[in-house]
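With TSV, C-alpha atoms inside, this is run-v4.tsv:
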chain	number	residue	atom	x	y	z
A	1	GLU	CA	-50.01	-22.70	-31.23
A	2	ALA	CA	-47.78	-19.87	-32.43
A	3	GLN	CA	-44.55	-20.05	-30.50
A	4	VAL	CA	-40.79	-19.84	-30.30
A	5	THR	CA	-39.13	-22.91	-28.84
A	6	GLN	CA	-35.64	-23.25	-27.44
A	7	ASN	CA	-33.67	-26.28	-26.40
A	8	PRO	CA	-32.27	-27.09	-24.00
A	9	ARG	CA	-33.95	-25.03	-21.29
A	10	TYR	CA	-31.15	-25.62	-18.82
A	11	LEU	CA	-27.53	-26.54	-19.52
A	12	ILE	CA	-24.46	-26.90	-17.34
A	13	THR	CA	-21.22	-27.40	-19.21
A	14	VAL	CA	-17.48	-26.95	-18.82
A	15	THR	CA	-15.12	-24.44	-20.35
A	16	GLY	CA	-14.20	-25.20	-23.93
A	17	LYS	CA	-16.85	-27.80	-24.71
A	18	LYS	CA	-18.71	-26.75	-27.84
A	19	LEU	CA	-22.46	-26.44	-27.52
A	20	THR	CA	-25.47	-25.45	-29.59
A	21	VAL	CA	-28.73	-23.94	-28.38
A	22	THR	CA	-31.52	-24.48	-30.87
A	23	CYS	CA	-34.30	-22.02	-31.65
A	24	SER	CA	-37.32	-22.62	-33.83
A	25	GLN	CA	-40.40	-20.54	-34.64
A	26	ASN	CA	-43.61	-21.61	-36.39
A	27	MET	CA	-44.91	-18.14	-37.33
A	28	ASN	CA	-43.04	-17.77	-40.64
A	29	HIS	CA	-41.22	-14.74	-39.25
A	30	GLU	CA	-38.38	-13.30	-41.27
A	31	TYR	CA	-36.50	-11.65	-38.41
A	32	MET	CA	-34.89	-13.69	-35.64
A	33	SER	CA	-32.56	-12.65	-32.88
A	34	TRP	CA	-30.58	-13.94	-29.91
A	35	TYR	CA	-30.28	-12.05	-26.62
A	36	ARG	CA	-28.56	-12.66	-23.35
A	37	GLN	CA	-29.99	-11.37	-20.10
A	38	ASP	CA	-27.75	-10.59	-17.16
A	39	PRO	CA	-28.59	-8.91	-13.82
A	40	GLY	CA	-28.20	-5.16	-14.04
A	41	LEU	CA	-27.49	-5.26	-17.76
A	42	GLY	CA	-30.89	-6.17	-19.15
A	43	LEU	CA	-31.33	-7.79	-22.54
A	44	ARG	CA	-28.44	-7.43	-24.93
A	45	GLN	CA	-28.55	-8.56	-28.51
A	46	ILE	CA	-25.96	-11.12	-29.60
A	47	TYR	CA	-26.80	-11.75	-33.26
A	48	TYR	CA	-29.76	-11.22	-35.51
A	49	SER	CA	-30.97	-12.43	-38.88
A	50	MET	CA	-33.14	-10.52	-41.32
A	51	ASN	CA	-33.85	-13.63	-43.40
A	52	VAL	CA	-32.40	-16.94	-44.55
A	53	GLU	CA	-28.61	-16.74	-45.02
A	54	VAL	CA	-28.60	-13.13	-43.75
A	55	THR	CA	-27.07	-12.68	-40.31
A	56	ASP	CA	-25.35	-9.81	-38.55
A	57	LYS	CA	-23.71	-8.98	-35.26
A	58	GLY	CA	-25.61	-7.42	-32.41
A	59	ASP	CA	-24.09	-5.65	-29.45
A	60	VAL	CA	-22.25	-8.56	-27.80
A	61	PRO	CA	-21.30	-11.08	-30.54
A	62	GLU	CA	-17.86	-12.16	-29.25
A	63	GLY	CA	-17.66	-15.88	-28.57
A	64	TYR	CA	-20.86	-16.75	-30.42
A	65	LYS	CA	-21.79	-17.96	-33.89
A	66	VAL	CA	-25.15	-18.33	-35.60
A	67	SER	CA	-26.52	-19.70	-38.84
A	68	ARG	CA	-29.83	-19.32	-40.68
A	69	LYS	CA	-30.19	-22.08	-43.23
A	70	GLU	CA	-33.95	-22.35	-42.84
A	71	LYS	CA	-36.47	-19.64	-42.08
A	72	ARG	CA	-37.79	-21.31	-38.96
A	73	ASN	CA	-34.47	-22.19	-37.26
A	74	PHE	CA	-31.76	-19.99	-35.82
A	75	PRO	CA	-29.27	-21.93	-33.70
A	76	LEU	CA	-26.76	-20.26	-31.39
A	77	ILE	CA	-23.33	-21.88	-31.29
A	78	LEU	CA	-20.70	-21.47	-28.60
A	79	GLU	CA	-17.52	-22.95	-30.06
A	80	SER	CA	-15.48	-22.68	-26.87
A	81	PRO	CA	-17.67	-21.56	-23.97
A	82	SER	CA	-16.15	-19.60	-21.12
A	83	PRO	CA	-17.53	-18.77	-17.65
A	84	ASN	CA	-18.39	-15.21	-18.70
A	85	GLN	CA	-20.96	-16.71	-21.07
A	86	THR	CA	-22.95	-17.98	-18.11
A	87	SER	CA	-26.26	-16.26	-18.66
A	88	LEU	CA	-29.93	-16.55	-19.55
A	89	TYR	CA	-30.40	-16.69	-23.31
A	90	PHE	CA	-33.50	-15.78	-25.28
A	91	CYS	CA	-34.35	-16.31	-28.90
A	92	ALA	CA	-36.93	-14.01	-30.47
A	93	SER	CA	-38.66	-13.61	-33.81
A	94	SER	CA	-40.77	-10.94	-35.49
A	95	PHE	CA	-42.13	-9.79	-38.82
A	96	PRO	CA	-41.87	-6.23	-40.17
A	97	GLY	CA	-44.91	-4.08	-39.48
A	98	GLY	CA	-46.24	-6.10	-36.60
A	99	ARG	CA	-47.41	-4.35	-33.45
A	100	GLY	CA	-44.46	-2.03	-32.96
A	101	ASN	CA	-42.39	-4.74	-34.67
A	102	GLU	CA	-43.37	-6.98	-31.77
A	103	GLN	CA	-40.79	-9.59	-30.93
A	104	PHE	CA	-41.96	-12.99	-29.74
A	105	PHE	CA	-39.59	-14.53	-27.23
A	106	GLY	CA	-38.83	-18.13	-26.46
A	107	PRO	CA	-38.90	-19.45	-22.88
A	108	GLY	CA	-35.17	-18.97	-22.34
A	109	THR	CA	-32.12	-21.19	-21.89
A	110	ARG	CA	-30.21	-20.93	-18.64
A	111	LEU	CA	-26.57	-21.73	-19.36
A	112	THR	CA	-23.89	-22.29	-16.74
A	113	VAL	CA	-20.27	-22.65	-17.86
A	114	LEU	CA	-17.96	-24.03	-15.18
B	1	GLN	CA	-24.12	6.53	-22.11
B	2	LYS	CA	-26.49	3.62	-22.60
B	3	GLU	CA	-29.06	4.06	-25.33
B	4	VAL	CA	-31.89	3.25	-22.92
B	5	GLU	CA	-31.69	3.77	-19.16
B	6	GLN	CA	-34.13	2.26	-16.71
B	7	ASP	CA	-34.13	2.19	-12.94
B	8	PRO	CA	-33.76	-1.51	-12.08
B	9	GLY	CA	-35.58	-1.19	-8.78
B	10	PRO	CA	-36.72	-3.37	-7.17
B	11	LEU	CA	-40.03	-1.63	-6.60
B	12	SER	CA	-42.53	-2.92	-4.05
B	13	VAL	CA	-45.98	-1.37	-3.59
B	14	PRO	CA	-49.28	-2.37	-1.95
B	15	GLU	CA	-52.15	-3.72	-3.97
B	16	GLY	CA	-54.28	-0.98	-5.48
B	17	ALA	CA	-51.45	1.55	-5.71
B	18	ILE	CA	-50.63	3.49	-8.84
B	19	VAL	CA	-47.28	2.41	-10.24
B	20	SER	CA	-45.04	4.58	-12.38
B	21	LEU	CA	-42.18	3.04	-14.34
B	22	ASN	CA	-39.80	5.21	-16.32
B	23	CYS	CA	-37.04	5.11	-18.89
B	24	THR	CA	-34.92	7.61	-20.74
B	25	TYR	CA	-33.36	7.13	-24.14
B	26	SER	CA	-30.67	8.91	-26.07
B	27	ASN	CA	-31.38	8.48	-29.78
B	28	SER	CA	-33.88	11.04	-31.01
B	29	ALA	CA	-34.42	9.00	-34.19
B	30	PHE	CA	-36.30	6.29	-32.30
B	31	GLN	CA	-39.99	6.22	-33.21
B	32	TYR	CA	-41.37	3.03	-31.66
B	33	PHE	CA	-41.53	2.67	-27.91
B	34	MET	CA	-42.52	-0.51	-26.16
B	35	TRP	CA	-43.05	-2.04	-22.77
B	36	TYR	CA	-42.46	-5.73	-22.31
B	37	ARG	CA	-43.51	-7.69	-19.24
B	38	GLN	CA	-41.51	-10.67	-18.06
B	39	TYR	CA	-42.80	-13.07	-15.47
B	40	SER	CA	-40.36	-15.17	-13.49
B	41	ARG	CA	-38.80	-17.96	-15.59
B	42	LYS	CA	-40.54	-16.79	-18.75
B	43	GLY	CA	-39.58	-14.85	-21.84
B	44	PRO	CA	-40.64	-11.21	-22.18
B	45	GLU	CA	-44.03	-10.48	-23.78
B	46	LEU	CA	-45.12	-7.26	-25.42
B	47	LEU	CA	-47.43	-5.35	-23.10
B	48	MET	CA	-47.88	-2.06	-24.95
B	49	TYR	CA	-46.33	-0.04	-27.70
B	50	THR	CA	-46.63	3.53	-28.93
B	51	TYR	CA	-45.49	5.29	-32.04
B	52	SER	CA	-43.92	8.74	-31.60
B	53	SER	CA	-45.10	10.99	-28.78
B	54	GLY	CA	-48.32	10.78	-26.84
B	55	ASN	CA	-50.33	8.50	-24.60
B	56	LYS	CA	-51.86	5.11	-25.16
B	57	GLU	CA	-54.23	3.45	-22.74
B	58	ASP	CA	-55.14	-0.22	-22.43
B	59	GLY	CA	-57.27	-1.08	-19.44
B	60	ARG	CA	-55.28	-0.31	-16.29
B	61	PHE	CA	-52.12	0.41	-18.25
B	62	THR	CA	-51.08	3.72	-19.81
B	63	ALA	CA	-47.94	4.21	-21.86
B	64	GLN	CA	-46.62	7.72	-22.30
B	65	VAL	CA	-43.85	9.05	-24.52
B	66	ASP	CA	-42.36	12.52	-24.37
B	67	LYS	CA	-39.95	12.83	-27.28
B	68	SER	CA	-38.90	16.34	-26.32
B	69	SER	CA	-37.35	15.03	-23.11
B	70	LYS	CA	-36.69	11.48	-24.42
B	71	TYR	CA	-38.76	10.04	-21.60
B	72	ILE	CA	-40.88	6.87	-21.63
B	73	SER	CA	-43.35	6.01	-18.88
B	74	LEU	CA	-45.71	3.19	-17.99
B	75	PHE	CA	-48.47	3.73	-15.45
B	76	ILE	CA	-50.39	0.92	-13.82
B	77	ARG	CA	-53.62	1.84	-12.05
B	78	ASP	CA	-55.25	-0.29	-9.37
B	79	SER	CA	-52.23	-2.57	-9.33
B	80	GLN	CA	-52.83	-6.27	-8.69
B	81	PRO	CA	-50.55	-9.03	-7.34
B	82	SER	CA	-50.70	-10.56	-10.84
B	83	ASP	CA	-48.88	-7.46	-12.11
B	84	SER	CA	-45.77	-8.57	-10.20
B	85	ALA	CA	-43.12	-9.03	-12.87
B	86	THR	CA	-40.11	-7.38	-14.45
B	87	TYR	CA	-41.02	-4.58	-16.84
B	88	LEU	CA	-38.65	-3.70	-19.66
B	89	CYS	CA	-38.86	-0.62	-21.80
B	90	ALA	CA	-37.59	-0.91	-25.35
B	91	THR	CA	-37.19	1.27	-28.37
B	92	GLY	CA	-35.86	1.04	-31.90
B	93	ALA	CA	-37.22	-0.46	-35.08
B	94	GLN	CA	-36.55	-4.03	-36.16
B	95	LYS	CA	-33.54	-3.97	-33.85
B	96	LEU	CA	-34.69	-3.23	-30.34
B	97	VAL	CA	-32.69	-1.70	-27.53
B	98	PHE	CA	-33.89	-2.63	-24.05
B	99	GLY	CA	-33.64	-0.97	-20.69
B	100	GLN	CA	-32.28	-2.95	-17.75
B	101	GLY	CA	-35.77	-3.88	-16.54
B	102	THR	CA	-37.56	-2.93	-13.30
B	103	ARG	CA	-38.61	-5.71	-10.96
B	104	LEU	CA	-42.05	-4.86	-9.58
B	105	THR	CA	-43.79	-6.58	-6.67
B	106	ILE	CA	-47.40	-5.85	-5.75
B	107	ASN	CA	-48.12	-6.88	-2.17
B	108	PRO	CA	-51.65	-8.13	-1.29

Mind turning the file's structure into structure tokens?
Amino acid sequence: EAQVTQNPRYLITVTGKKLTVTCSQNMNHEYMSWYRQDPGLGLRQIYYSMNVEVTDKGDVPEGYKVSRKEKRNFPLILESPSPNQTSLYFCASSFPGGRGNEQFFGPGTRLTVL
Amino acid sequence: QKEVEQDPGPLSVPEGAIVSLNCTYSNSAFQYFMWYRQYSRKGPELLMYTYSSGNKEDGRFTAQVDKSSKYISLFIRDSQPSDSATYLCATGAQKLVFGQGTRLTINP
């Protein structure tokens, strides 16, 4: 089944404790992206990657890191999480020329930073 | 000014009603326009997309783009309780910009 998977789905952590949210896709997509979704603010892009070893900042990159060592994986790293990073996070992937450059989203990771 | 503005609602209508969801955008260079649907506790899924101005119909759903006024619309005819979800408009190319999302509830 073609899909984007994220782990963990739910995470409660404390301020300053480094964490990684994994993202993997099995569709051989070149483009991958991380978003956060907050009430009233919609989906905002954190980082994106056009291909392996090619990453760039989105609209809200502060406090986050990413890497793209393999085409299928795009982990999101929070080196020192803070309460304002409490949010719902989505990973997405797409290939150029798809239906309106359709992005396929993972199921989401709900992160709470205390 | 946000690149894409969408009324967050919530919007609640009776079953069978015609629903109109709308967005405005600011960048006249945008060519692709999309509507994503997001059910509770799920990731968004592409519902419809259009390229440039015009209408596109898919069953009970019609997407409309007016580039002259930078206006994007989604119409749902004969709405069903299963249409209850958050609807997000989006535009851009590889990098998408999303509206805030409108939470829609269809009441049986």

*asked:* Give me, as JSON, numbers by chain, all polymer residues having an atom no more than 9 Å from Thr109 of chain A, counting only C-alpha atoms and skipping those fewer than 6 positions away in the same chain.
replied: {"A": [6, 7, 8, 9, 10, 11, 21, 87, 88, 89, 90, 91]}

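For the residues B:Tyr25, B:Tyr51, B:Trp35, B:Phe61, ranking by smallest atom-to-atom distance to Ala93 of chain B using all atoms listed in the file places B:Tyr51 first.
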
*Compute the chain B side of the contact with chain A at 9 Å, counting all atoms listed in the file, and hand it back as an NGL selection string.*
:B and (8 or 32-34 or 41-46 or 48-51 or 88 or 93-101)

Please identify all polymer residues within 12 Å of Pro61 of chain A, counting all atoms listed in the file, omitting same-chain residues fewer than 5 positions from it, and present them as a PDB file with C-alpha atoms, in the coordinates of the input.
ATOM      1  CA  SER A  33     -32.560 -12.650 -32.880  1.00  0.00           C
ATOM      2  CA  TRP A  34     -30.580 -13.940 -29.910  1.00  0.00           C
ATOM      3  CA  TYR A  35     -30.280 -12.050 -26.620  1.00  0.00           C
ATOM      4  CA  ARG A  36     -28.560 -12.660 -23.350  1.00  0.00           C
ATOM      5  CA  ARG A  44     -28.440  -7.430 -24.930  1.00  0.00           C
ATOM      6  CA  GLN A  45     -28.550  -8.560 -28.510  1.00  0.00           C
ATOM      7  CA  ILE A  46     -25.960 -11.120 -29.600  1.00  0.00           C
ATOM      8  CA  TYR A  47     -26.800 -11.750 -33.260  1.00  0.00           C
ATOM      9  CA  TYR A  48     -29.760 -11.220 -35.510  1.00  0.00           C
ATOM     10  CA  THR A  55     -27.070 -12.680 -40.310  1.00  0.00           C
ATOM     11  CA  ASP A  56     -25.350  -9.810 -38.550  1.00  0.00           C
ATOM     12  CA  VAL A  66     -25.150 -18.330 -35.600  1.00  0.00           C
ATOM     13  CA  LEU A  76     -26.760 -20.260 -31.390  1.00  0.00           C
ATOM     14  CA  ILE A  77     -23.330 -21.880 -31.290  1.00  0.00           C
ATOM     15  CA  LEU A  78     -20.700 -21.470 -28.600  1.00  0.00           C
ATOM     16  CA  GLN A  85     -20.960 -16.710 -21.070  1.00  0.00           C
TER      17      GLN A  85
END

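Straight-line separation from atom CA of Val4 of chain B to atom CA of Ser49 of chain A: 22.4 Å.
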
*Point out the residue among B:Thr91, B:Thr62, B:Ser53, B:Thr102 with the least atom-to-atom distance to Asp78 of chain B, counting all atoms listed in the file.*
B:Thr62

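Picture a line from atom CA of Lys2 of chain B to atom CA of Cys23 of chain B; it runs 11.3 Å.
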
*Go ahead and compute the interatomic distance for atom CA of Lys69 of chain A and atom CA of Lys17 of chain A, in Å to one decimal.*
23.5 Å

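Between Glu79 of chain A and the candidates A:Val60, A:Glu30, A:Ser93, A:Lys65, the tightest atom-to-atom separation, counting all atoms listed in the file, involves A:Lys65.
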
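Around Ser73 of chain B, within 9 Å and counting only C-alpha atoms, the residues found are Ser20, Leu21, Asn22, Cys23, Thr24, Trp35, Thr62, Ala63, Gln64, Val65, Asp66 and Cys89 of chain B, once anything fewer than 6 positions away on its own chain is removed.
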
Please complete segment 9-31 of chain A with N, CA and C atoms and give it back as a compact mmCIF listing (two decimals), keeping the file's coordinate frame.
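Once everything was written out, this is rebuild-v8.txt:
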# COMPACT_ATOMS: atom_id res chain seq x y z
N ARG A 9 -33.53 -26.11 -22.17
CA ARG A 9 -33.95 -25.03 -21.29
C ARG A 9 -32.89 -24.74 -20.22
N TYR A 10 -32.20 -25.77 -19.82
CA TYR A 10 -31.15 -25.62 -18.82
C TYR A 10 -29.93 -26.42 -19.29
N LEU A 11 -28.75 -25.86 -19.10
CA LEU A 11 -27.53 -26.54 -19.52
C LEU A 11 -26.39 -26.13 -18.61
N ILE A 12 -25.71 -27.13 -18.08
CA ILE A 12 -24.46 -26.90 -17.34
C ILE A 12 -23.36 -27.58 -18.12
N THR A 13 -22.30 -26.85 -18.43
CA THR A 13 -21.22 -27.40 -19.21
C THR A 13 -19.89 -26.91 -18.65
N VAL A 14 -18.82 -27.33 -19.28
CA VAL A 14 -17.48 -26.95 -18.82
C VAL A 14 -16.81 -26.08 -19.88
N THR A 15 -15.85 -25.33 -19.45
CA THR A 15 -15.12 -24.44 -20.35
C THR A 15 -14.55 -25.20 -21.53
N GLY A 16 -14.79 -24.65 -22.72
CA GLY A 16 -14.20 -25.20 -23.93
C GLY A 16 -14.99 -26.26 -24.65
N LYS A 17 -16.07 -26.73 -24.07
CA LYS A 17 -16.85 -27.80 -24.71
C LYS A 17 -17.95 -27.20 -25.59
N LYS A 18 -17.79 -27.36 -26.87
CA LYS A 18 -18.71 -26.75 -27.84
C LYS A 18 -20.16 -27.13 -27.57
N LEU A 19 -21.04 -26.15 -27.71
CA LEU A 19 -22.46 -26.44 -27.52
C LEU A 19 -23.30 -25.63 -28.50
N THR A 20 -24.50 -26.13 -28.73
CA THR A 20 -25.47 -25.45 -29.59
C THR A 20 -26.80 -25.35 -28.87
N VAL A 21 -27.37 -24.16 -28.90
CA VAL A 21 -28.73 -23.94 -28.38
C VAL A 21 -29.63 -23.75 -29.60
N THR A 22 -30.64 -24.58 -29.69
CA THR A 22 -31.52 -24.48 -30.87
C THR A 22 -32.66 -23.52 -30.62
N CYS A 23 -33.15 -22.92 -31.69
CA CYS A 23 -34.30 -22.02 -31.65
C CYS A 23 -35.14 -22.27 -32.88
N SER A 24 -36.42 -22.40 -32.70
CA SER A 24 -37.32 -22.62 -33.83
C SER A 24 -38.61 -21.84 -33.62
N GLN A 25 -39.12 -21.26 -34.72
CA GLN A 25 -40.40 -20.54 -34.64
C GLN A 25 -41.33 -21.05 -35.75
N ASN A 26 -42.62 -21.07 -35.44
CA ASN A 26 -43.61 -21.61 -36.39
C ASN A 26 -44.54 -20.52 -36.93
N MET A 27 -44.08 -19.27 -36.92
CA MET A 27 -44.91 -18.14 -37.33
C MET A 27 -44.48 -17.56 -38.68
N ASN A 28 -43.53 -18.22 -39.34
CA ASN A 28 -43.04 -17.77 -40.64
C ASN A 28 -42.42 -16.36 -40.55
N HIS A 29 -41.83 -16.05 -39.42
CA HIS A 29 -41.22 -14.74 -39.25
C HIS A 29 -39.89 -14.67 -39.99
N GLU A 30 -39.64 -13.50 -40.55
CA GLU A 30 -38.38 -13.30 -41.27
C GLU A 30 -37.23 -12.97 -40.30
N TYR A 31 -37.54 -12.17 -39.30
CA TYR A 31 -36.50 -11.65 -38.41
C TYR A 31 -36.38 -12.55 -37.18
